[in-house]
$ cat start-v2.pdb   # PDB, C-alpha atoms
MODEL        1
ATOM      1  CA  MET A  14      78.629 225.330 -84.053  1.00  0.00           C
ATOM      2  CA  LEU A  15      75.182 225.200 -85.608  1.00  0.00           C
ATOM      3  CA  LYS A  16      73.125 228.365 -85.479  1.00  0.00           C
ATOM      4  CA  GLN A  17      69.643 228.299 -84.001  1.00  0.00           C
ATOM      5  CA  ALA A  18      66.938 228.386 -86.640  1.00  0.00           C
ATOM      6  CA  ILE A  19      64.182 229.525 -84.314  1.00  0.00           C
ATOM      7  CA  PRO A  20      62.572 232.586 -85.918  1.00  0.00           C
ATOM      8  CA  LYS A  21      63.647 236.051 -84.810  1.00  0.00           C
ATOM      9  CA  SER A  22      62.161 239.574 -85.089  1.00  0.00           C
ATOM     10  CA  LYS A  23      58.682 239.625 -86.636  1.00  0.00           C
ATOM     11  CA  GLU A  24      58.313 235.862 -86.785  1.00  0.00           C
ATOM     12  CA  PHE A  25      59.365 235.536 -83.177  1.00  0.00           C
ATOM     13  CA  PHE A  26      56.843 238.232 -82.218  1.00  0.00           C
ATOM     14  CA  PHE A  27      54.183 236.228 -84.036  1.00  0.00           C
ATOM     15  CA  LEU A  28      55.076 233.126 -82.016  1.00  0.00           C
ATOM     16  CA  CYS A  29      54.710 235.080 -78.790  1.00  0.00           C
ATOM     17  CA  CYS A  30      51.289 236.297 -79.920  1.00  0.00           C
ATOM     18  CA  LEU A  31      50.447 232.757 -80.953  1.00  0.00           C
ATOM     19  CA  LEU A  32      51.034 231.497 -77.441  1.00  0.00           C
ATOM     20  CA  LEU A  33      48.731 234.175 -76.068  1.00  0.00           C
ATOM     21  CA  THR A  34      45.949 233.537 -78.547  1.00  0.00           C
ATOM     22  CA  LEU A  35      45.848 229.745 -78.474  1.00  0.00           C
ATOM     23  CA  GLY A  36      42.704 228.652 -76.771  1.00  0.00           C
ATOM     24  CA  CYS A  37      41.088 232.067 -77.157  1.00  0.00           C
ATOM     25  CA  SER A  38      37.990 232.641 -79.236  1.00  0.00           C
ATOM     26  CA  SER A  39      37.727 232.703 -82.849  1.00  0.00           C
ATOM     27  CA  ASN A  40      38.755 236.032 -84.246  1.00  0.00           C
ATOM     28  CA  PHE A  41      42.073 234.241 -84.782  1.00  0.00           C
ATOM     29  CA  ASP A  42      42.135 231.491 -87.394  1.00  0.00           C
ATOM     30  CA  ILE A  43      44.543 229.319 -85.421  1.00  0.00           C
ATOM     31  CA  VAL A  44      43.959 225.651 -84.759  1.00  0.00           C
ATOM     32  CA  GLU A  45      46.007 223.553 -82.348  1.00  0.00           C
ATOM     33  CA  GLU A  46      45.654 219.779 -82.550  1.00  0.00           C
ATOM     34  CA  ARG A  47      47.218 217.421 -80.043  1.00  0.00           C
ATOM     35  CA  LEU A  48      49.289 214.820 -81.839  1.00  0.00           C
ATOM     36  CA  TYR A  49      50.248 212.748 -78.808  1.00  0.00           C
ATOM     37  CA  PHE A  50      50.618 212.812 -75.035  1.00  0.00           C
ATOM     38  CA  TYR A  51      53.165 210.734 -73.139  1.00  0.00           C
ATOM     39  CA  ASP A  52      53.044 210.176 -69.399  1.00  0.00           C
ATOM     40  CA  PHE A  53      55.642 207.385 -69.755  1.00  0.00           C
ATOM     41  CA  GLU A  54      53.720 205.087 -67.442  1.00  0.00           C
ATOM     42  CA  SER A  55      53.356 202.371 -70.077  1.00  0.00           C
ATOM     43  CA  ASP A  56      53.024 203.841 -73.592  1.00  0.00           C
ATOM     44  CA  TYR A  57      56.221 204.595 -75.564  1.00  0.00           C
ATOM     45  CA  THR A  58      54.786 204.878 -79.065  1.00  0.00           C
ATOM     46  CA  ASN A  59      57.364 206.138 -81.595  1.00  0.00           C
ATOM     47  CA  ILE A  60      59.967 206.712 -78.872  1.00  0.00           C
ATOM     48  CA  ASP A  61      63.478 205.360 -79.186  1.00  0.00           C
ATOM     49  CA  SER A  62      66.072 205.002 -76.398  1.00  0.00           C
ATOM     50  CA  VAL A  63      63.379 204.063 -73.885  1.00  0.00           C
ATOM     51  CA  PHE A  64      64.950 204.202 -70.431  1.00  0.00           C
ATOM     52  CA  VAL A  65      62.403 204.631 -67.655  1.00  0.00           C
ATOM     53  CA  SER A  66      62.814 205.152 -63.913  1.00  0.00           C
ATOM     54  CA  GLU A  67      60.836 206.369 -60.895  1.00  0.00           C
ATOM     55  CA  PHE A  68      61.098 209.944 -59.644  1.00  0.00           C
ATOM     56  CA  ASN A  69      58.714 212.170 -57.699  1.00  0.00           C
ATOM     57  CA  ASN A  70      56.308 209.221 -57.332  1.00  0.00           C
ATOM     58  CA  THR A  71      55.884 208.831 -61.075  1.00  0.00           C
ATOM     59  CA  ARG A  72      57.555 207.129 -64.016  1.00  0.00           C
ATOM     60  CA  VAL A  73      59.816 209.396 -66.057  1.00  0.00           C
ATOM     61  CA  LEU A  74      61.951 208.955 -69.135  1.00  0.00           C
ATOM     62  CA  GLY A  75      65.573 208.978 -68.006  1.00  0.00           C
ATOM     63  CA  PRO A  76      67.829 209.750 -66.303  1.00  0.00           C
ATOM     64  CA  PHE A  77      70.179 210.747 -69.131  1.00  0.00           C
ATOM     65  CA  ASN A  78      73.738 212.036 -69.249  1.00  0.00           C
ATOM     66  CA  ASN A  79      75.382 212.720 -72.625  1.00  0.00           C
ATOM     67  CA  SER A  80      72.465 210.926 -74.214  1.00  0.00           C
ATOM     68  CA  GLY A  81      68.734 211.352 -74.709  1.00  0.00           C
ATOM     69  CA  PHE A  82      65.831 210.143 -76.826  1.00  0.00           C
ATOM     70  CA  SER A  83      63.769 211.046 -79.869  1.00  0.00           C
ATOM     71  CA  SER A  84      60.159 210.855 -81.012  1.00  0.00           C
ATOM     72  CA  HIS A  85      59.482 210.182 -84.690  1.00  0.00           C
ATOM     73  CA  TRP A  86      56.270 210.721 -86.669  1.00  0.00           C
ATOM     74  CA  ASP A  87      55.150 210.228 -90.275  1.00  0.00           C
ATOM     75  CA  ASN A  88      52.056 211.224 -92.272  1.00  0.00           C
ATOM     76  CA  LEU A  89      51.461 214.388 -90.299  1.00  0.00           C
ATOM     77  CA  PRO A  90      48.481 216.566 -91.291  1.00  0.00           C
ATOM     78  CA  GLU A  91      49.050 220.072 -92.611  1.00  0.00           C
ATOM     79  CA  HIS A  92      50.598 222.419 -90.038  1.00  0.00           C
ATOM     80  CA  GLN A  93      53.033 225.330 -89.720  1.00  0.00           C
ATOM     81  CA  TYR A  94      54.322 224.890 -86.164  1.00  0.00           C
ATOM     82  CA  ILE A  95      54.939 222.192 -83.583  1.00  0.00           C
ATOM     83  CA  ARG A  96      54.363 222.902 -79.918  1.00  0.00           C
ATOM     84  CA  LEU A  97      56.138 220.912 -77.203  1.00  0.00           C
ATOM     85  CA  THR A  98      55.181 221.033 -73.530  1.00  0.00           C
ATOM     86  CA  PHE A  99      56.764 218.833 -70.882  1.00  0.00           C
ATOM     87  CA  ASN A 100      58.149 218.594 -67.356  1.00  0.00           C
ATOM     88  CA  LEU A 101      61.938 218.605 -67.267  1.00  0.00           C
ATOM     89  CA  TYR A 102      63.786 217.477 -64.138  1.00  0.00           C
ATOM     90  CA  ILE A 103      67.357 218.761 -63.757  1.00  0.00           C
ATOM     91  CA  HIS A 104      69.161 216.498 -61.279  1.00  0.00           C
ATOM     92  CA  ASP A 105      72.192 217.177 -59.101  1.00  0.00           C
ATOM     93  CA  THR A 106      75.283 219.242 -60.036  1.00  0.00           C
ATOM     94  CA  TRP A 107      74.363 221.159 -63.204  1.00  0.00           C
ATOM     95  CA  GLU A 108      76.542 224.279 -63.433  1.00  0.00           C
ATOM     96  CA  GLY A 109      74.872 226.104 -66.306  1.00  0.00           C
ATOM     97  CA  ASN A 110      77.110 228.529 -68.172  1.00  0.00           C
ATOM     98  CA  SER A 111      80.144 227.895 -65.979  1.00  0.00           C
ATOM     99  CA  ASN A 112      83.360 227.340 -67.910  1.00  0.00           C
ATOM    100  CA  ASP A 113      85.407 226.465 -64.834  1.00  0.00           C
ATOM    101  CA  SER A 114      86.224 222.937 -65.965  1.00  0.00           C
ATOM    102  CA  GLY A 115      89.880 223.137 -64.960  1.00  0.00           C
ATOM    103  CA  ASN A 116      91.247 222.954 -68.489  1.00  0.00           C
ATOM    104  CA  GLY A 117      90.834 226.588 -69.508  1.00  0.00           C
ATOM    105  CA  LEU A 118      88.433 225.705 -72.327  1.00  0.00           C
ATOM    106  CA  LEU A 119      85.018 227.276 -72.806  1.00  0.00           C
ATOM    107  CA  ASP A 120      82.431 224.747 -71.704  1.00  0.00           C
ATOM    108  CA  HIS A 121      78.878 224.578 -70.417  1.00  0.00           C
ATOM    109  CA  ASP A 122      76.197 222.095 -69.382  1.00  0.00           C
ATOM    110  CA  ALA A 123      74.154 222.132 -72.579  1.00  0.00           C
ATOM    111  CA  TRP A 124      70.639 220.772 -73.131  1.00  0.00           C
ATOM    112  CA  MET A 125      69.060 220.633 -76.591  1.00  0.00           C
ATOM    113  CA  ILE A 126      65.923 220.046 -78.631  1.00  0.00           C
ATOM    114  CA  GLU A 127      66.657 219.401 -82.296  1.00  0.00           C
ATOM    115  CA  PHE A 128      64.357 218.662 -85.218  1.00  0.00           C
ATOM    116  CA  ASP A 129      65.385 216.073 -87.819  1.00  0.00           C
ATOM    117  CA  PRO A 130      69.014 215.751 -86.682  1.00  0.00           C
ATOM    118  CA  HIS A 131      69.568 213.064 -89.333  1.00  0.00           C
ATOM    119  CA  LEU A 132      68.997 215.485 -92.228  1.00  0.00           C
ATOM    120  CA  LYS A 133      71.979 217.082 -93.944  1.00  0.00           C
ATOM    121  CA  VAL A 134      70.888 220.688 -94.221  1.00  0.00           C
ATOM    122  CA  LYS A 135      72.648 224.023 -94.042  1.00  0.00           C
ATOM    123  CA  PRO A 136      73.353 225.301 -90.514  1.00  0.00           C
ATOM    124  CA  HIS A 137      70.887 228.195 -90.811  1.00  0.00           C
ATOM    125  CA  GLU A 138      68.143 225.731 -91.796  1.00  0.00           C
ATOM    126  CA  LYS A 139      68.478 223.702 -88.604  1.00  0.00           C
ATOM    127  CA  VAL A 140      65.623 224.035 -86.129  1.00  0.00           C
ATOM    128  CA  TYR A 141      66.872 223.549 -82.614  1.00  0.00           C
ATOM    129  CA  PHE A 142      66.961 225.046 -79.152  1.00  0.00           C
ATOM    130  CA  GLU A 143      70.112 224.962 -77.012  1.00  0.00           C
ATOM    131  CA  THR A 144      70.088 226.166 -73.428  1.00  0.00           C
ATOM    132  CA  THR A 145      71.674 225.534 -70.029  1.00  0.00           C
ATOM    133  CA  PHE A 146      70.424 224.927 -66.483  1.00  0.00           C
ATOM    134  CA  SER A 147      72.083 225.513 -63.132  1.00  0.00           C
ATOM    135  CA  ASN A 148      71.484 223.969 -59.716  1.00  0.00           C
ATOM    136  CA  GLY A 149      74.491 225.846 -58.369  1.00  0.00           C
ATOM    137  CA  PRO A 150      74.567 228.661 -55.818  1.00  0.00           C
ATOM    138  CA  CYS A 151      73.639 232.204 -56.814  1.00  0.00           C
ATOM    139  CA  ILE A 152      74.652 234.773 -54.205  1.00  0.00           C
ATOM    140  CA  PRO A 153      76.179 238.245 -54.555  1.00  0.00           C
ATOM    141  CA  GLY A 154      79.609 237.868 -56.074  1.00  0.00           C
ATOM    142  CA  TRP A 155      79.183 234.172 -56.866  1.00  0.00           C
ATOM    143  CA  CYS A 156      76.646 232.733 -59.251  1.00  0.00           C
ATOM    144  CA  PHE A 157      76.537 229.742 -61.562  1.00  0.00           C
ATOM    145  CA  THR A 158      74.252 231.356 -64.136  1.00  0.00           C
ATOM    146  CA  GLN A 159      72.059 229.566 -66.664  1.00  0.00           C
ATOM    147  CA  SER A 160      70.651 230.469 -70.073  1.00  0.00           C
ATOM    148  CA  TYR A 161      67.108 229.083 -69.631  1.00  0.00           C
ATOM    149  CA  PRO A 162      64.457 230.294 -70.376  1.00  0.00           C
ATOM    150  CA  ASP A 163      66.519 231.849 -73.166  1.00  0.00           C
ATOM    151  CA  GLU A 164      68.872 230.270 -75.655  1.00  0.00           C
ATOM    152  CA  PHE A 165      72.573 229.832 -74.946  1.00  0.00           C
ATOM    153  CA  PRO A 166      74.500 232.042 -74.421  1.00  0.00           C
ATOM    154  CA  SER A 167      72.304 234.106 -72.098  1.00  0.00           C
ATOM    155  CA  ASN A 168      72.884 234.885 -68.432  1.00  0.00           C
ATOM    156  CA  ASN A 169      70.055 234.335 -65.954  1.00  0.00           C
ATOM    157  CA  ARG A 170      70.112 233.450 -62.292  1.00  0.00           C
ATOM    158  CA  ALA A 171      70.320 229.789 -61.350  1.00  0.00           C
ATOM    159  CA  ARG A 172      66.874 228.107 -61.317  1.00  0.00           C
ATOM    160  CA  THR A 173      65.195 230.956 -63.239  1.00  0.00           C
ATOM    161  CA  GLU A 174      61.567 229.891 -63.942  1.00  0.00           C
ATOM    162  CA  ALA A 175      61.971 226.630 -62.043  1.00  0.00           C
ATOM    163  CA  ASN A 176      58.885 225.300 -60.293  1.00  0.00           C
ATOM    164  CA  PRO A 177      58.744 226.810 -56.774  1.00  0.00           C
ATOM    165  CA  LYS A 178      58.733 223.358 -55.185  1.00  0.00           C
ATOM    166  CA  ASP A 179      62.219 221.892 -54.990  1.00  0.00           C
ATOM    167  CA  PHE A 180      63.002 218.186 -54.949  1.00  0.00           C
ATOM    168  CA  TYR A 181      65.806 216.110 -53.514  1.00  0.00           C
ATOM    169  CA  GLY A 182      68.607 215.195 -55.879  1.00  0.00           C
ATOM    170  CA  ARG A 183      68.591 211.875 -57.672  1.00  0.00           C
ATOM    171  CA  CYS A 184      72.052 210.670 -56.620  1.00  0.00           C
ATOM    172  CA  LEU A 185      74.971 212.934 -55.703  1.00  0.00           C
ATOM    173  CA  TYR A 186      72.587 215.467 -54.079  1.00  0.00           C
ATOM    174  CA  GLU A 187      70.104 212.870 -52.842  1.00  0.00           C
ATOM    175  CA  ASP A 188      70.270 214.357 -49.319  1.00  0.00           C
ATOM    176  CA  THR A 189      69.864 217.932 -50.587  1.00  0.00           C
ATOM    177  CA  PRO A 190      66.260 219.248 -50.725  1.00  0.00           C
ATOM    178  CA  THR A 191      67.187 221.563 -53.612  1.00  0.00           C
ATOM    179  CA  GLY A 192      69.099 218.895 -55.534  1.00  0.00           C
ATOM    180  CA  THR A 193      66.570 218.677 -58.388  1.00  0.00           C
ATOM    181  CA  SER A 194      64.862 221.551 -60.203  1.00  0.00           C
ATOM    182  CA  LEU A 195      61.627 221.092 -62.147  1.00  0.00           C
ATOM    183  CA  TYR A 196      60.872 223.178 -65.252  1.00  0.00           C
ATOM    184  CA  ARG A 197      57.537 223.247 -67.061  1.00  0.00           C
ATOM    185  CA  VAL A 198      58.757 223.859 -70.614  1.00  0.00           C
ATOM    186  CA  ASP A 199      56.498 225.198 -73.371  1.00  0.00           C
ATOM    187  CA  LYS A 200      58.124 225.836 -76.775  1.00  0.00           C
ATOM    188  CA  ILE A 201      56.856 226.432 -80.317  1.00  0.00           C
ATOM    189  CA  PHE A 202      58.965 225.632 -83.390  1.00  0.00           C
ATOM    190  CA  PRO A 203      58.381 226.276 -87.100  1.00  0.00           C
ATOM    191  CA  HIS A 204      57.691 223.036 -88.980  1.00  0.00           C
ATOM    192  CA  ASN A 205      55.559 222.149 -92.022  1.00  0.00           C
ATOM    193  CA  LYS A 206      56.833 218.793 -93.257  1.00  0.00           C
ATOM    194  CA  SER A 207      54.816 215.571 -93.276  1.00  0.00           C
ATOM    195  CA  SER A 208      57.317 213.767 -91.045  1.00  0.00           C
ATOM    196  CA  VAL A 209      59.512 214.735 -88.119  1.00  0.00           C
ATOM    197  CA  VAL A 210      62.091 213.399 -85.707  1.00  0.00           C
ATOM    198  CA  ILE A 211      62.271 215.419 -82.472  1.00  0.00           C
ATOM    199  CA  ALA A 212      65.433 214.764 -80.481  1.00  0.00           C
ATOM    200  CA  PHE A 213      65.960 215.680 -76.824  1.00  0.00           C
ATOM    201  CA  TYR A 214      69.555 215.351 -75.650  1.00  0.00           C
ATOM    202  CA  ASP A 215      72.356 216.913 -73.614  1.00  0.00           C
ATOM    203  CA  ARG A 216      76.056 217.646 -73.730  1.00  0.00           C
ATOM    204  CA  LEU A 217      77.074 217.618 -70.082  1.00  0.00           C
ATOM    205  CA  LYS A 218      80.631 218.229 -68.954  1.00  0.00           C
ATOM    206  CA  GLN A 219      82.125 216.141 -66.183  1.00  0.00           C
ATOM    207  CA  ASP A 220      84.154 217.959 -63.522  1.00  0.00           C
ATOM    208  CA  ALA A 221      84.361 215.441 -60.702  1.00  0.00           C
ATOM    209  CA  PRO A 222      85.468 211.801 -60.421  1.00  0.00           C
ATOM    210  CA  PHE A 223      81.951 210.423 -59.964  1.00  0.00           C
ATOM    211  CA  ASP A 224      79.792 208.155 -62.057  1.00  0.00           C
ATOM    212  CA  LYS A 225      78.347 210.477 -64.706  1.00  0.00           C
ATOM    213  CA  LEU A 226      74.694 209.594 -64.033  1.00  0.00           C
ATOM    214  CA  CYS A 227      75.265 210.176 -60.340  1.00  0.00           C
ATOM    215  CA  GLU A 228      77.012 213.525 -60.802  1.00  0.00           C
ATOM    216  CA  GLU A 229      74.354 215.148 -63.000  1.00  0.00           C
ATOM    217  CA  SER A 230      71.496 214.013 -65.185  1.00  0.00           C
ATOM    218  CA  TRP A 231      68.020 214.912 -66.427  1.00  0.00           C
ATOM    219  CA  SER A 232      64.680 213.199 -66.922  1.00  0.00           C
ATOM    220  CA  LEU A 233      61.448 214.154 -68.643  1.00  0.00           C
ATOM    221  CA  ASP A 234      57.734 213.561 -68.063  1.00  0.00           C
ATOM    222  CA  ASN A 235      54.295 214.509 -69.417  1.00  0.00           C
ATOM    223  CA  LEU A 236      55.342 215.309 -72.977  1.00  0.00           C
ATOM    224  CA  THR A 237      52.640 216.750 -75.232  1.00  0.00           C
ATOM    225  CA  ILE A 238      53.278 217.192 -78.960  1.00  0.00           C
ATOM    226  CA  SER A 239      50.800 219.462 -80.749  1.00  0.00           C
ATOM    227  CA  LEU A 240      50.457 220.696 -84.331  1.00  0.00           C
ATOM    228  CA  ILE A 241      49.460 224.298 -85.029  1.00  0.00           C
ATOM    229  CA  LYS A 242      47.802 225.455 -88.221  1.00  0.00           C
ATOM    230  CA  ARG A 243      46.926 229.013 -89.124  1.00  0.00           C
TER     231      ARG A 243
ENDMDL
END
$ encode --input "start-v2.pdb" --output "structure tokens"
Amino acid sequence: MLKQAIPKSKEFFFLCCLLLTLGCSSNFDIVEERLYFYDFESDYTNIDSVFVSEFNNTRVLGPFNNSGFSSHWDNLPEHQYIRLTFNLYIHDTWEGNSNDSGNGLLDHDAWMIEFDPHLKVKPHEKVYFETTFSNGPCIPGWCFTQSYPDEFPSNNRARTEANPKDFYGRCLYEDTPTGTSLYRVDKIFPHNKSSVVIAFYDRLKQDAPFDKLCEESWSLDNLTISLIKR
């Protein structure tokens, strides 16, 4: 398995500070420039795998199951980091870190962001973020944990940092008022090249004999891509 290339230790501490200082006054020589904003109502510039549907009274990209999309950009101005913010809808039966797939093999409902997946680079040079989400129950003695907001493998309660307002499921849980969880994701990644492909995709496991998009899926809205220079 590829190793995450998101910076650790001092660099990671810098990224945390960077989040806090963005937008603050000028003792910090940090500039954030919005590259593009997608609301997916009509504009799909530089997006592949365009599959759009209606959810929560708005148009979203998705739903996806064992698939996803990417955004590709060339001739980028000088920068050291890329910031991604977006709304992520987790629909229906996501089980997070659960490995109870009936075959005894370690498994989990994975969701990823990966930069330049087409490049052949060493594993430690890959920039990506892998996590899991859970819409399952979480009661004493029984909890389908998730990794988010951390990287996999981490153990957090189901729906950790989800938006307080729940939504009905998209398909299998369409009659369940907690069938979809909304996450407002905000991530910063190291990047300084003049071009980039940013891929959003999943690796969902199927436990039940249902149509895969009905059993569990995800969709995404309000994606902002920003460049950070220091």
$ resolve_selection --input "start-v2.pdb" --expression "the PyMOL selection byres ((chain A and resi 64) around 7)" --output "NGL selection string"
:A and (62-63 or 65-66 or 74-75)
$ axis_aligned_box --input "start-v2.pdb" --around "region 201-211 of chain A" --padding-each-side "5 Å" --output "lines of an AutoDock Vina configuration file"
center_x = 58.5
center_y = 219.9
center_z = -86.8
size_x = 17.5
size_y = 23.0
size_z = 23.0
$ closest_residue --input "start-v2.pdb" --among "A:Asp179, A:Glu187, A:Asp199, A:Asp224" --to "Pro162 (chain A)" --atoms "only C-alpha atoms"
A:Asp199
$ atom_distance --input "start-v2.pdb" --atom1 "CA of Lys178 (chain A)" --atom2 "CA of Leu101 (chain A)"
13.4 Å
$ resolve_selection --input "start-v2.pdb" --expression "the PyMOL selection byres ((chain A and resi 227-233) around 8)" --output "MDAnalysis selection string"
chainID A and resid 73:78 99:107 183:185 217 219 221 223:226 234:236
$ residues_near_point --input "start-v2.pdb" --point "(69.1, 217.0, -81.0)" --cutoff "6 Å" --atoms "only C-alpha atoms" --output "list in words"
Met125, Ile126, Glu127, Pro130, Ala212, Phe213 and Tyr214 of chain A
$ residues_near_point --input "start-v2.pdb" --point "(70.0, 227.7, -79.0)" --cutoff "8 Å" --atoms "only C-alpha atoms" --output "PyMOL selection string"
chain A and resi 16-17+125+141-144+163-166
$ closest_residue --input "start-v2.pdb" --among "A:Tyr196, A:Tyr49, A:Tyr161, A:Trp124" --to "Asn176 (chain A)" --atoms "only C-alpha atoms"
A:Tyr196
$ closest_residue --input "start-v2.pdb" --among "A:Asp129, A:Asp56, A:Glu138, A:Glu46" --to "Glu91 (chain A)" --atoms "only C-alpha atoms"
A:Glu46
$ atom_distance --input "start-v2.pdb" --atom1 "CA of Pro177 (chain A)" --atom2 "CA of Glu45 (chain A)"
28.8 Å
$ atom_distance --input "start-v2.pdb" --atom1 "CA of Leu48 (chain A)" --atom2 "CA of Pro136 (chain A)"
27.6 Å
